[in-house]
$ cat final_37.tsv   # TSV, C-alpha atoms
chain	number	residue	atom	x	y	z
A	21	MET	CA	-79.00	145.63	-6.51
A	22	LYS	CA	-78.47	145.19	-2.78
A	23	TYR	CA	-78.81	147.98	-0.23
A	24	LEU	CA	-78.57	148.50	3.51
A	25	VAL	CA	-81.34	150.82	4.70
A	26	LYS	CA	-81.60	152.66	8.02
A	27	ILE	CA	-84.69	154.73	8.87
A	28	HIS	CA	-83.68	157.67	11.06
A	29	ASP	CA	-86.94	159.60	11.37
A	30	VAL	CA	-90.46	159.96	9.99
A	31	SER	CA	-92.09	163.34	10.62
A	32	THR	CA	-95.46	164.72	9.60
A	33	THR	CA	-96.39	168.19	8.34
A	34	ASP	CA	-99.48	169.87	6.88
A	35	GLU	CA	-97.61	172.45	4.79
A	36	LEU	CA	-94.71	172.18	2.35
A	37	GLU	CA	-92.06	174.85	2.66
A	38	GLY	CA	-91.68	176.86	-0.54
A	39	ALA	CA	-94.91	175.63	-2.11
A	40	TRP	CA	-95.99	179.24	-2.67
A	41	ASN	CA	-93.82	182.33	-3.09
A	42	ASN	CA	-94.52	186.06	-2.92
A	43	GLU	CA	-95.07	186.30	-6.68
A	44	ASP	CA	-97.74	183.60	-6.39
A	45	PHE	CA	-99.42	185.55	-3.59
A	46	LYS	CA	-99.41	188.78	-5.62
A	47	GLU	CA	-100.89	187.10	-8.68
A	48	LEU	CA	-103.53	185.34	-6.59
A	49	LEU	CA	-104.46	188.57	-4.82
A	50	ALA	CA	-105.17	190.05	-8.25
A	51	ARG	CA	-107.26	187.04	-9.22
A	52	PHE	CA	-109.19	187.35	-5.97
A	53	GLU	CA	-109.85	191.00	-6.83
A	54	TYR	CA	-107.75	192.53	-4.08
A	55	PRO	CA	-106.38	195.92	-5.23
A	56	GLY	CA	-102.99	197.25	-4.27
A	57	ALA	CA	-101.10	194.05	-3.63
A	58	GLU	CA	-97.90	195.78	-4.75
A	59	GLN	CA	-98.14	198.12	-1.77
A	60	LEU	CA	-98.21	195.28	0.75
A	61	LYS	CA	-95.13	194.20	2.65
A	62	PRO	CA	-93.88	190.68	1.79
A	63	THR	CA	-94.79	189.54	5.29
A	64	GLU	CA	-98.39	190.71	4.78
A	65	LEU	CA	-99.13	189.02	1.45
A	66	LYS	CA	-100.24	185.65	2.77
A	67	GLU	CA	-102.45	187.11	5.49
A	68	TYR	CA	-104.21	189.42	3.03
A	69	LEU	CA	-104.61	186.59	0.53
A	70	PHE	CA	-106.39	184.52	3.16
A	71	MET	CA	-108.79	187.41	3.76
A	72	ALA	CA	-109.37	187.86	0.02
A	73	ILE	CA	-110.01	184.14	-0.45
A	74	SER	CA	-112.53	184.02	2.38
A	75	ASP	CA	-114.67	186.67	0.64
A	76	PHE	CA	-115.51	184.06	-2.00
A	77	GLU	CA	-117.63	180.94	-1.76
A	78	PRO	CA	-115.34	177.97	-1.03
A	79	ASN	CA	-115.91	176.22	-4.35
A	80	GLU	CA	-115.35	179.51	-6.23
A	81	ALA	CA	-112.07	180.05	-4.42
A	82	ALA	CA	-111.04	176.46	-5.14
A	83	ALA	CA	-111.77	176.96	-8.85
A	84	ILE	CA	-109.62	180.11	-8.96
A	85	LEU	CA	-106.68	178.32	-7.34
A	86	LEU	CA	-107.07	175.25	-9.53
A	87	ASP	CA	-107.16	177.41	-12.64
A	88	TYR	CA	-104.04	179.28	-11.53
A	89	LYS	CA	-102.05	176.14	-10.78
A	90	LEU	CA	-103.40	173.49	-13.12
A	91	SER	CA	-105.12	175.12	-16.10
A	92	ASP	CA	-102.44	173.67	-18.38
A	93	VAL	CA	-103.47	170.09	-17.53
A	94	LEU	CA	-107.13	170.36	-16.48
A	95	ASN	CA	-110.02	171.59	-18.59
A	96	GLU	CA	-112.82	173.83	-17.34
A	97	GLY	CA	-115.14	170.94	-16.55
A	98	GLN	CA	-112.50	169.09	-14.55
A	99	ILE	CA	-111.68	172.23	-12.58
A	100	ASP	CA	-115.37	172.78	-11.82
A	101	ASN	CA	-115.81	169.19	-10.62
A	102	LEU	CA	-112.69	169.30	-8.47
A	103	SER	CA	-113.66	172.63	-6.92
A	104	HIS	CA	-116.74	170.94	-5.44
A	105	GLU	CA	-115.08	167.61	-4.63
A	106	MET	CA	-112.36	169.34	-2.61
A	107	LEU	CA	-114.90	170.28	0.05
A	108	ARG	CA	-115.97	166.67	0.52
A	109	GLU	CA	-112.88	164.53	0.11
A	110	LYS	CA	-109.09	164.51	0.07
A	111	VAL	CA	-108.54	164.95	-3.65
A	112	SER	CA	-104.78	165.16	-3.15
A	113	GLU	CA	-104.93	161.53	-2.09
A	114	ASN	CA	-107.75	160.19	-4.23
A	115	TYR	CA	-107.52	161.93	-7.62
A	116	THR	CA	-106.79	159.46	-10.40
A	117	GLU	CA	-103.80	161.42	-11.74
A	118	ILE	CA	-101.07	160.74	-9.17
A	119	ASP	CA	-98.78	163.33	-10.79
A	120	LEU	CA	-101.20	166.07	-9.69
A	121	HIS	CA	-101.37	165.07	-6.02
A	122	GLN	CA	-98.66	167.44	-4.83
A	123	ASP	CA	-100.22	170.50	-6.49
A	124	LEU	CA	-103.65	169.48	-5.22
A	125	PHE	CA	-102.21	169.16	-1.71
A	126	ASN	CA	-100.74	172.68	-1.85
A	127	ILE	CA	-104.02	174.12	-3.14
A	128	ASN	CA	-106.03	172.26	-0.51
A	129	GLN	CA	-103.84	173.44	2.35
A	130	LEU	CA	-104.10	177.08	1.28
A	131	LEU	CA	-107.89	176.72	1.27
A	132	TYR	CA	-107.89	174.78	4.55
A	133	LYS	CA	-106.11	177.62	6.33
A	134	ALA	CA	-108.01	180.42	4.60
A	135	TYR	CA	-111.34	178.89	5.65
A	136	ASN	CA	-110.21	177.72	9.11
A	137	GLY	CA	-110.71	174.03	8.47
A	138	LYS	CA	-113.69	173.98	6.10
A	139	PHE	CA	-111.65	171.90	3.66
A	140	PRO	CA	-110.26	168.45	4.64
A	141	LEU	CA	-106.94	168.41	6.46
A	142	THR	CA	-104.28	166.53	4.52
A	143	LYS	CA	-100.75	165.75	5.62
A	144	VAL	CA	-97.44	164.58	4.25
A	145	ASN	CA	-94.67	162.53	5.77
A	146	ILE	CA	-90.96	163.24	5.48
A	147	VAL	CA	-88.72	160.18	5.81
A	148	GLN	CA	-85.09	160.70	6.78
A	149	PHE	CA	-83.12	157.60	5.87
A	150	GLU	CA	-79.69	156.25	5.06
A	151	ILE	CA	-79.20	153.91	2.13
A	152	THR	CA	-75.90	152.27	1.21
A	153	GLY	CA	-75.45	150.23	-1.93
A	154	GLU	CA	-73.39	147.07	-2.11
A	155	ASN	CA	-71.20	145.86	-4.97
A	156	ASN	CA	-72.37	147.43	-8.25
A	157	ALA	CA	-75.47	149.22	-6.93
A	158	PRO	CA	-75.77	152.81	-8.26
A	159	GLU	CA	-74.39	155.46	-5.93
A	160	GLU	CA	-77.16	157.98	-6.72
A	161	ILE	CA	-80.64	157.04	-5.52
A	162	ASP	CA	-83.65	158.07	-7.61
A	163	LYS	CA	-87.32	158.06	-6.63
A	164	GLU	CA	-87.95	154.58	-7.97
A	165	ILE	CA	-85.04	153.01	-6.10
A	166	ALA	CA	-85.99	154.87	-2.91
A	167	LEU	CA	-89.57	153.59	-2.98
A	168	LYS	CA	-88.55	150.03	-3.81
A	169	ALA	CA	-86.03	149.99	-0.97
A	170	LEU	CA	-88.27	151.66	1.63
A	171	SER	CA	-91.26	149.46	0.77
A	172	GLN	CA	-89.35	146.44	2.02
A	173	GLY	CA	-89.34	147.89	5.52
A	174	LEU	CA	-93.10	148.44	5.48
A	175	SER	CA	-95.85	146.10	6.59
A	176	ASP	CA	-97.57	143.92	4.00
A	177	ASN	CA	-100.76	145.89	4.64
A	178	ASN	CA	-99.18	149.16	3.57
A	179	LEU	CA	-100.92	150.68	0.54
A	180	LEU	CA	-97.77	150.69	-1.59
A	181	ASN	CA	-97.28	146.98	-1.08
A	182	ARG	CA	-100.95	146.19	-1.64
A	183	LEU	CA	-101.53	148.26	-4.78
A	184	LEU	CA	-98.13	148.41	-6.48
A	185	SER	CA	-96.46	145.10	-5.71
A	186	ASP	CA	-95.62	144.33	-9.36
A	187	GLN	CA	-93.97	147.74	-9.80
A	188	LEU	CA	-92.06	147.43	-6.52
A	189	GLU	CA	-90.81	143.97	-7.45
A	190	GLY	CA	-89.60	145.11	-10.87
A	191	LYS	CA	-92.14	143.05	-12.79
A	192	THR	CA	-93.55	146.12	-14.53
A	193	SER	CA	-92.39	149.70	-15.10
A	194	PHE	CA	-92.89	152.17	-12.26
A	195	PRO	CA	-93.82	155.61	-13.64
A	196	GLU	CA	-96.03	156.18	-10.56
A	197	ALA	CA	-92.87	156.72	-8.47
A	198	GLU	CA	-92.49	160.24	-9.85
A	199	GLY	CA	-95.92	161.26	-8.55
A	200	ILE	CA	-95.75	159.34	-5.26
A	201	VAL	CA	-92.42	160.84	-4.19
A	202	TRP	CA	-92.90	164.61	-4.07
A	203	ASP	CA	-89.33	165.39	-3.16
A	204	LEU	CA	-86.13	163.38	-2.75
A	205	GLN	CA	-83.02	165.16	-1.51
A	206	ASN	CA	-79.51	163.87	-1.00
A	207	LYS	CA	-78.44	165.35	2.33
A	208	GLY	CA	-74.84	164.29	1.86
A	209	GLY	CA	-73.20	160.93	1.61
A	210	HIS	CA	-75.80	158.21	1.92
A	211	LEU	CA	-78.38	160.31	3.79
A	212	TYR	CA	-81.66	161.16	2.04
A	213	SER	CA	-84.91	162.96	2.78
A	214	MET	CA	-88.09	161.82	1.01
A	215	THR	CA	-91.44	163.63	1.05
A	216	THR	CA	-94.67	161.79	0.23
A	217	SER	CA	-98.35	161.90	1.12
A	218	GLU	CA	-99.39	160.10	4.29
A	219	LYS	CA	-101.71	158.17	1.97
A	220	TRP	CA	-98.73	156.05	0.95
A	221	LEU	CA	-96.89	155.54	4.20
A	222	THR	CA	-96.87	156.54	7.85
A	223	LYS	CA	-94.43	156.04	10.68
A	224	THR	CA	-96.40	153.09	12.04
A	225	ASP	CA	-96.18	151.32	8.66
A	226	PHE	CA	-92.48	150.67	9.21
A	227	THR	CA	-91.94	147.23	10.72
A	228	ASN	CA	-88.16	147.42	10.27
A	229	LEU	CA	-85.95	150.45	10.83
A	230	GLU	CA	-82.72	148.80	9.69
A	231	TYR	CA	-82.55	146.05	7.08
A	232	GLU	CA	-80.89	144.71	3.97
A	233	CYS	CA	-82.90	144.55	0.76
A	234	THR	CA	-82.62	143.74	-2.91
A	235	VAL	CA	-84.00	146.21	-5.43
A	236	GLN	CA	-85.00	144.73	-8.76
A	237	PRO	CA	-84.93	147.14	-11.71
A	238	PHE	CA	-87.51	146.73	-14.44
A	239	GLU	CA	-86.04	145.60	-17.73
A	240	ASP	CA	-88.34	146.30	-20.66
A	241	GLN	CA	-87.77	143.49	-23.13
A	242	ASP	CA	-89.95	143.63	-26.18
A	243	GLU	CA	-90.95	140.25	-27.49
A	244	GLU	CA	-89.78	139.55	-31.02
A	245	ASP	CA	-92.40	138.52	-33.54
$ encode --input "final_37.tsv" --output "structure tokens"
Amino acid sequence: MKYLVKIHDVSTTDELEGAWNNEDFKELLARFEYPGAEQLKPTELKEYLFMAISDFEPNEAAAILLDYKLSDVLNEGQIDNLSHEMLREKVSENYTEIDLHQDLFNINQLLYKAYNGKFPLTKVNIVQFEITGENNAPEEIDKEIALKALSQGLSDNNLLNRLLSDQLEGKTSFPEAEGIVWDLQNKGGHLYSMTTSEKWLTKTDFTNLEYECTVQPFEDQDEED
């Protein structure tokens, strides 16, 4: 599948819009033992949550947030370990389960702001790009195709190319794409916006801003006995 790719912009942010809503803030205020959250104005919820969080020890607050967001996939021991690790390292970049990185980022950033920088600062990059398929290439771009196409404009030293070359080249399946790409939006026509951790790519990683590439899909062919 052949594509023409044009990179229009790469921007960086330390907070994802819509990661938390007012219902989240109300529930968390209750978990942080703040009474009367229902009487607060919507514009006050986040500010009061920060104050409630800061009344707890950092690892205790981290455990409460982890339990709220990830108790369905993490057990008590994992939550306890992560609540301490979050103070020392960027778990949203280093945790072994890539599918959890986005939630860990959102938790970390809430703690980072509540404690005025006591937790590590983590960031994400948003890539605005145009991708046009040739011949029989699929019109709709999914996360796997987007990563495979964008990786070909990145330097060889980029982490994606160094760690996931077989997946990017279609030699093996690429389930990691779902966890690496946090959001992929079609902005109309052939324009897309992709959100991913700066762990995987930065603006300086792009060596080409306009190029042609070939995306190789993985074909799972079971060997016959």
$ closest_residue --input "final_37.tsv" --among "A:Ser193, A:Gln148, A:Ser103, A:Asn177" --to "A:Gln205" --atoms "all atoms listed in the file"
A:Gln148
$ residues_near_point --input "final_37.tsv" --point "(-95.8, 158.1, -5.4)" --cutoff "8 Å" --atoms "only C-alpha atoms" --output "VMD selection string"
chain A and resid 118 196 to 202 216 to 217 220
$ axis_aligned_box --input "final_37.tsv" --around "stretch 81-99 of chain A" --padding-each-side "5 Å" --output "AutoDock Vina command-line options"
--center_x -108.6 --center_y 174.6 --center_z -11.5 --size_x 23.1 --size_y 21.0 --size_z 24.2
$ closest_atom_pairs --input "final_37.tsv" --of "stretch 130-202 of chain A" --to "stretch 76-99 of chain A" --cutoff "9 Å" --atoms "all atoms listed in the file" --output "tab-separated table"
residue	atom	partner	partner_atom	distance
A:Leu131	CA	A:Ala82	CA	7.1
A:Tyr135	CA	A:Pro78	CA	7.8
A:Lys138	CA	A:Pro78	CA	8.3
A:Phe139	CA	A:Pro78	CA	8.5
$ write_last_selection --input "final_37.tsv" --atoms "C-alpha atoms" --output "compact mmCIF listing (two decimals), keeping the file's coordinate frame"
# COMPACT_ATOMS: atom_id res chain seq x y z
CA LEU A 131 -107.89 176.72 1.27
CA TYR A 135 -111.34 178.89 5.65
CA LYS A 138 -113.69 173.98 6.10
CA PHE A 139 -111.65 171.90 3.66
$ closest_residue --input "final_37.tsv" --among "A:Phe52, A:Leu102, A:Leu24, A:Glu164" --to "A:Cys233" --atoms "all atoms listed in the file"
A:Leu24
$ closest_atom_pairs --input "final_37.tsv" --of "stretch 65-175 of chain A" --to "stretch 235-239 of chain A" --cutoff "12 Å" --atoms "all atoms listed in the file" --output "tab-separated table"
residue	atom	partner	partner_atom	distance
A:Ile151	CA	A:Val235	CA	11.8
A:Gly153	CA	A:Val235	CA	10.1
A:Glu154	CA	A:Val235	CA	11.2
A:Ala157	CA	A:Val235	CA	9.2
A:Pro158	CA	A:Val235	CA	10.9
A:Ile161	CA	A:Val235	CA	11.3
A:Asp162	CA	A:Pro237	CA	11.7
A:Glu164	CA	A:Pro237	CA	8.9
A:Ile165	CA	A:Val235	CA	6.9
A:Ala166	CA	A:Val235	CA	9.2
A:Leu167	CA	A:Val235	CA	9.6
A:Lys168	CA	A:Val235	CA	6.2
A:Ala169	CA	A:Val235	CA	6.2
A:Leu170	CA	A:Val235	CA	9.9
A:Ser171	CA	A:Val235	CA	10.1
A:Gln172	CA	A:Val235	CA	9.2
$ closest_residue --input "final_37.tsv" --among "A:Asp44, A:Asn128, A:Asn178, A:Lys219" --to "A:Asn114" --atoms "only C-alpha atoms"
A:Lys219
$ atom_distance --input "final_37.tsv" --atom1 "atom CA of A:Ile27" --atom2 "atom CA of A:Glu113"
24.0 Å
$ atom_distance --input "final_37.tsv" --atom1 "atom CA of A:Asn145" --atom2 "atom CA of A:Ser31"
5.6 Å
$ build_atoms --input "final_37.tsv" --residues "stretch 137-148 of chain A" --atoms "all heavy atoms" --output "mmCIF file, keeping the file's coordinate frame"
data_model
loop_
_atom_site.group_PDB
_atom_site.id
_atom_site.type_symbol
_atom_site.label_atom_id
_atom_site.label_comp_id
_atom_site.auth_asym_id
_atom_site.auth_seq_id
_atom_site.Cartn_x
_atom_site.Cartn_y
_atom_site.Cartn_z
ATOM 1 N N GLY A 137 -110.351 175.441 8.319
ATOM 2 C CA GLY A 137 -110.710 174.030 8.470
ATOM 3 C C GLY A 137 -111.927 173.568 7.711
ATOM 4 O O GLY A 137 -112.347 172.422 7.880
ATOM 5 N N LYS A 138 -112.500 174.404 6.852
ATOM 6 C CA LYS A 138 -113.690 173.980 6.100
ATOM 7 C C LYS A 138 -113.348 172.914 5.074
ATOM 8 O O LYS A 138 -114.182 172.087 4.717
ATOM 9 C CB LYS A 138 -114.341 175.187 5.427
ATOM 10 C CG LYS A 138 -115.677 174.888 4.766
ATOM 11 C CD LYS A 138 -116.391 176.163 4.349
ATOM 12 C CE LYS A 138 -116.922 176.928 5.558
ATOM 13 N NZ LYS A 138 -117.786 178.082 5.172
ATOM 14 N N PHE A 139 -112.114 172.926 4.590
ATOM 15 C CA PHE A 139 -111.650 171.900 3.660
ATOM 16 C C PHE A 139 -110.969 170.776 4.458
ATOM 17 O O PHE A 139 -110.502 170.993 5.582
ATOM 18 C CB PHE A 139 -110.665 172.490 2.650
ATOM 19 C CG PHE A 139 -111.327 173.324 1.590
ATOM 20 C CD1 PHE A 139 -111.766 174.614 1.867
ATOM 21 C CD2 PHE A 139 -111.522 172.823 0.314
ATOM 22 C CE1 PHE A 139 -112.382 175.386 0.893
ATOM 23 C CE2 PHE A 139 -112.144 173.579 -0.674
ATOM 24 C CZ PHE A 139 -112.580 174.864 -0.381
ATOM 25 N N PRO A 140 -110.896 169.564 3.912
ATOM 26 C CA PRO A 140 -110.260 168.450 4.640
ATOM 27 C C PRO A 140 -108.797 168.754 4.950
ATOM 28 O O PRO A 140 -108.109 169.417 4.165
ATOM 29 C CB PRO A 140 -110.372 167.276 3.654
ATOM 30 C CG PRO A 140 -111.489 167.633 2.737
ATOM 31 C CD PRO A 140 -111.445 169.131 2.607
ATOM 32 N N LEU A 141 -108.347 168.268 6.080
ATOM 33 C CA LEU A 141 -106.940 168.410 6.460
ATOM 34 C C LEU A 141 -106.154 167.245 5.855
ATOM 35 O O LEU A 141 -106.486 166.087 6.076
ATOM 36 C CB LEU A 141 -106.789 168.405 7.980
ATOM 37 C CG LEU A 141 -105.353 168.418 8.508
ATOM 38 C CD1 LEU A 141 -104.626 169.693 8.080
ATOM 39 C CD2 LEU A 141 -105.338 168.271 10.022
ATOM 40 N N THR A 142 -105.143 167.563 5.091
ATOM 41 C CA THR A 142 -104.280 166.530 4.520
ATOM 42 C C THR A 142 -102.856 166.748 5.011
ATOM 43 O O THR A 142 -102.458 167.869 5.323
ATOM 44 C CB THR A 142 -104.318 166.570 2.984
ATOM 45 O OG1 THR A 142 -104.064 167.906 2.534
ATOM 46 C CG2 THR A 142 -105.680 166.126 2.468
ATOM 47 N N LYS A 143 -102.097 165.674 5.073
ATOM 48 C CA LYS A 143 -100.750 165.750 5.620
ATOM 49 C C LYS A 143 -99.769 164.967 4.764
ATOM 50 O O LYS A 143 -100.154 164.113 3.962
ATOM 51 C CB LYS A 143 -100.725 165.205 7.058
ATOM 52 C CG LYS A 143 -101.556 166.021 8.040
ATOM 53 C CD LYS A 143 -101.467 165.448 9.439
ATOM 54 C CE LYS A 143 -102.296 166.260 10.428
ATOM 55 N NZ LYS A 143 -102.205 165.718 11.806
ATOM 56 N N VAL A 144 -98.500 165.309 4.937
ATOM 57 C CA VAL A 144 -97.440 164.580 4.250
ATOM 58 C C VAL A 144 -96.440 164.086 5.288
ATOM 59 O O VAL A 144 -96.345 164.629 6.399
ATOM 60 C CB VAL A 144 -96.708 165.455 3.212
ATOM 61 C CG1 VAL A 144 -97.656 165.884 2.121
ATOM 62 C CG2 VAL A 144 -96.063 166.668 3.862
ATOM 63 N N ASN A 145 -95.713 163.065 4.909
ATOM 64 C CA ASN A 145 -94.670 162.530 5.770
ATOM 65 C C ASN A 145 -93.306 162.720 5.121
ATOM 66 O O ASN A 145 -93.158 162.566 3.897
ATOM 67 C CB ASN A 145 -94.902 161.046 6.053
ATOM 68 C CG ASN A 145 -96.016 160.845 7.062
ATOM 69 O OD1 ASN A 145 -96.116 161.579 8.039
ATOM 70 N ND2 ASN A 145 -96.861 159.868 6.836
ATOM 71 N N ILE A 146 -92.334 163.057 5.942
ATOM 72 C CA ILE A 146 -90.960 163.240 5.480
ATOM 73 C C ILE A 146 -90.102 162.165 6.148
ATOM 74 O O ILE A 146 -90.010 162.100 7.371
ATOM 75 C CB ILE A 146 -90.440 164.642 5.829
ATOM 76 C CG1 ILE A 146 -91.340 165.702 5.169
ATOM 77 C CG2 ILE A 146 -88.995 164.809 5.364
ATOM 78 C CD1 ILE A 146 -91.036 167.119 5.612
ATOM 79 N N VAL A 147 -89.519 161.307 5.324
ATOM 80 C CA VAL A 147 -88.720 160.180 5.810
ATOM 81 C C VAL A 147 -87.242 160.531 5.678
ATOM 82 O O VAL A 147 -86.764 160.830 4.574
ATOM 83 C CB VAL A 147 -89.024 158.895 5.023
ATOM 84 C CG1 VAL A 147 -88.254 157.711 5.617
ATOM 85 C CG2 VAL A 147 -90.520 158.609 4.999
ATOM 86 N N GLN A 148 -86.538 160.513 6.785
ATOM 87 C CA GLN A 148 -85.090 160.700 6.780
ATOM 88 C C GLN A 148 -84.459 159.312 6.874
ATOM 89 O O GLN A 148 -84.701 158.583 7.832
ATOM 90 C CB GLN A 148 -84.653 161.553 7.979
ATOM 91 C CG GLN A 148 -85.410 162.864 8.157
ATOM 92 C CD GLN A 148 -85.041 163.902 7.122
ATOM 93 O OE1 GLN A 148 -84.066 163.755 6.372
ATOM 94 N NE2 GLN A 148 -85.821 164.983 7.051
#
